[in-house]
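Heads up, the thing below is written out as structure tokens.
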Amino acid sequence: MSCPACGSPRVRPSRPKGGRETLLRVWTMTRYHQCRECGWRARLARTSHDAGSDPPDLRFWTVAALVGLGFVYVLLRAG
Ligand SMILES: [Zn+2]
């Protein structure tokens, strides 16, 4: 793909910054892309060809989210 801001083809997937972006990425099945030329950055839907590029990462964060939800549930029950 090319950058919608400057037209450069140097758009690469970008690692999420912080937990919020990571959760957004997993839950919305999107990932951040960043333009190496102008710094444009946006969350885009995953394309089919890269959907399987990081299944261990996705599994890890899905489990982490479930554990987190379970922890909140226990806290609410205890409180
Ligand atoms: Zn650009």
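Labels used: A, B, ... for chains in the order of the structure tokens, numbers from 1 for residues in each chain, and numbers from 1 for ligands as shown.
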Within 8 Å of ligand 1, counting only C-alpha atoms and all ligand atoms, residues as an MDAnalysis selection string: chainID A and resid 2:8 10:11 34:40
Selection from above, N, CA and C atoms, as an mmCIF file, in the first residue's frame, can you write it?
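Resulting contents of part_28.cif:
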data_model
loop_
_atom_site.group_PDB
_atom_site.id
_atom_site.type_symbol
_atom_site.label_atom_id
_atom_site.label_comp_id
_atom_site.auth_asym_id
_atom_site.auth_seq_id
_atom_site.Cartn_x
_atom_site.Cartn_y
_atom_site.Cartn_z
ATOM 1 N N SER A 2 0.299 2.402 -0.319
ATOM 2 C CA SER A 2 1.053 3.645 -0.298
ATOM 3 C C SER A 2 0.432 4.615 0.706
ATOM 4 N N CYS A 3 1.234 5.556 1.144
ATOM 5 C CA CYS A 3 0.802 6.513 2.151
ATOM 6 C C CYS A 3 -0.235 7.475 1.562
ATOM 7 N N PRO A 4 -1.386 7.628 2.230
ATOM 8 C CA PRO A 4 -2.410 8.551 1.730
ATOM 9 C C PRO A 4 -1.997 10.013 1.903
ATOM 10 N N ALA A 5 -1.011 10.255 2.760
ATOM 11 C CA ALA A 5 -0.602 11.638 3.011
ATOM 12 C C ALA A 5 0.427 12.115 1.984
ATOM 13 N N CYS A 6 1.426 11.274 1.685
ATOM 14 C CA CYS A 6 2.503 11.720 0.800
ATOM 15 C C CYS A 6 2.675 10.815 -0.410
ATOM 16 N N GLY A 7 1.962 9.676 -0.459
ATOM 17 C CA GLY A 7 2.045 8.804 -1.617
ATOM 18 C C GLY A 7 3.233 7.854 -1.601
ATOM 19 N N SER A 8 4.035 7.896 -0.557
ATOM 20 C CA SER A 8 5.202 7.022 -0.490
ATOM 21 C C SER A 8 4.781 5.565 -0.299
ATOM 22 N N ARG A 10 6.555 3.493 1.256
ATOM 23 C CA ARG A 10 7.282 3.007 2.442
ATOM 24 C C ARG A 10 6.401 3.029 3.688
ATOM 25 N N VAL A 11 5.247 2.384 3.596
ATOM 26 C CA VAL A 11 4.349 2.264 4.747
ATOM 27 C C VAL A 11 4.541 0.886 5.345
ATOM 28 N N GLN A 34 2.727 2.833 9.754
ATOM 29 C CA GLN A 34 3.404 4.118 9.789
ATOM 30 C C GLN A 34 4.187 4.326 8.509
ATOM 31 N N CYS A 35 4.134 5.581 7.999
ATOM 32 C CA CYS A 35 4.881 5.953 6.811
ATOM 33 C C CYS A 35 6.289 6.357 7.219
ATOM 34 N N ARG A 36 7.278 5.744 6.575
ATOM 35 C CA ARG A 36 8.673 6.044 6.897
ATOM 36 C C ARG A 36 9.106 7.406 6.349
ATOM 37 N N GLU A 37 8.339 7.925 5.411
ATOM 38 C CA GLU A 37 8.724 9.190 4.782
ATOM 39 C C GLU A 37 8.231 10.391 5.583
ATOM 40 N N CYS A 38 6.924 10.411 5.895
ATOM 41 C CA CYS A 38 6.352 11.619 6.492
ATOM 42 C C CYS A 38 5.868 11.402 7.913
ATOM 43 N N GLY A 39 5.884 10.139 8.385
ATOM 44 C CA GLY A 39 5.475 9.899 9.755
ATOM 45 C C GLY A 39 3.983 9.689 9.929
ATOM 46 N N TRP A 40 3.228 9.675 8.823
ATOM 47 C CA TRP A 40 1.791 9.409 8.893
ATOM 48 C C TRP A 40 1.574 8.068 9.580
#
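Reported to one decimal place, the separation of CA of Tyr73 in chain A from CA of Leu23 in chain A is 18.2 Å.
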Selected residue of minimal separation from Leu66 in chain A among A:Arg41, A:Pro13, A:Trp27, A:His33, counting only C-alpha atoms: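 Comparing A:Arg41, A:Pro13, A:Trp27, A:His33 against Leu66 in chain A, the winner is A:Trp27.
The closest residue to Glu21 in chain A, picked from A:Ala42, A:Val67, A:Pro9, A:Met1 and counting only C-alpha atoms, is A:Ala42.
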Which of chain A fall in alpha helix (DSSP H), as a PyMOL selection string: chain A and resi 18-28+55-78
Computed interatomic separation between CA of Thr62 in chain A and CA of Arg77 in chain A (Å):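 Between CA of Thr62 in chain A and CA of Arg77 in chain A the gap works out to 22.5 Å.
Of the listed residues A:Leu58, A:Gly68, A:Arg12, A:Ala45, the one whose atoms come nearest to Val26 in chain A is A:Leu58, with distances taken using only C-alpha atoms.
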Residues of chain A in strand (DSSP E), written as a list of chain:residue names: A:Val11, A:Arg12, A:Pro13, A:Ser14, A:Thr30, A:Arg31, A:Tyr32, A:His33, A:Gln34, A:Cys35, A:Arg41, A:Ala42, A:Arg43, A:Leu44, A:Ala45
Any chance you can output those residues with C-alpha atoms as a PDB file, in the first residue's frame?
ATOM      1  CA  VAL A  11       4.349   2.264   4.747  1.00  0.00           C
ATOM      2  CA  ARG A  12       5.174  -0.407   7.277  1.00  0.00           C
ATOM      3  CA  PRO A  13       3.293  -2.040  10.133  1.00  0.00           C
ATOM      4  CA  SER A  14       4.037  -0.230  13.375  1.00  0.00           C
ATOM      5  CA  THR A  30      -6.499  -3.902  13.088  1.00  0.00           C
ATOM      6  CA  ARG A  31      -2.882  -2.894  13.236  1.00  0.00           C
ATOM      7  CA  TYR A  32      -0.991   0.351  13.161  1.00  0.00           C
ATOM      8  CA  HIS A  33       0.850   1.363  10.034  1.00  0.00           C
ATOM      9  CA  GLN A  34       3.404   4.118   9.789  1.00  0.00           C
ATOM     10  CA  CYS A  35       4.881   5.953   6.811  1.00  0.00           C
ATOM     11  CA  ARG A  41       0.324   6.777  11.196  1.00  0.00           C
ATOM     12  CA  ALA A  42      -3.078   5.101  11.312  1.00  0.00           C
ATOM     13  CA  ARG A  43      -4.871   1.977  12.406  1.00  0.00           C
ATOM     14  CA  LEU A  44      -5.895  -0.145   9.442  1.00  0.00           C
ATOM     15  CA  ALA A  45      -7.777  -3.382   9.064  1.00  0.00           C
TER      16      ALA A  45
END
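What separates CA of Thr22 in chain A from CA of Val63 in chain A is a distance of 13.0 Å.
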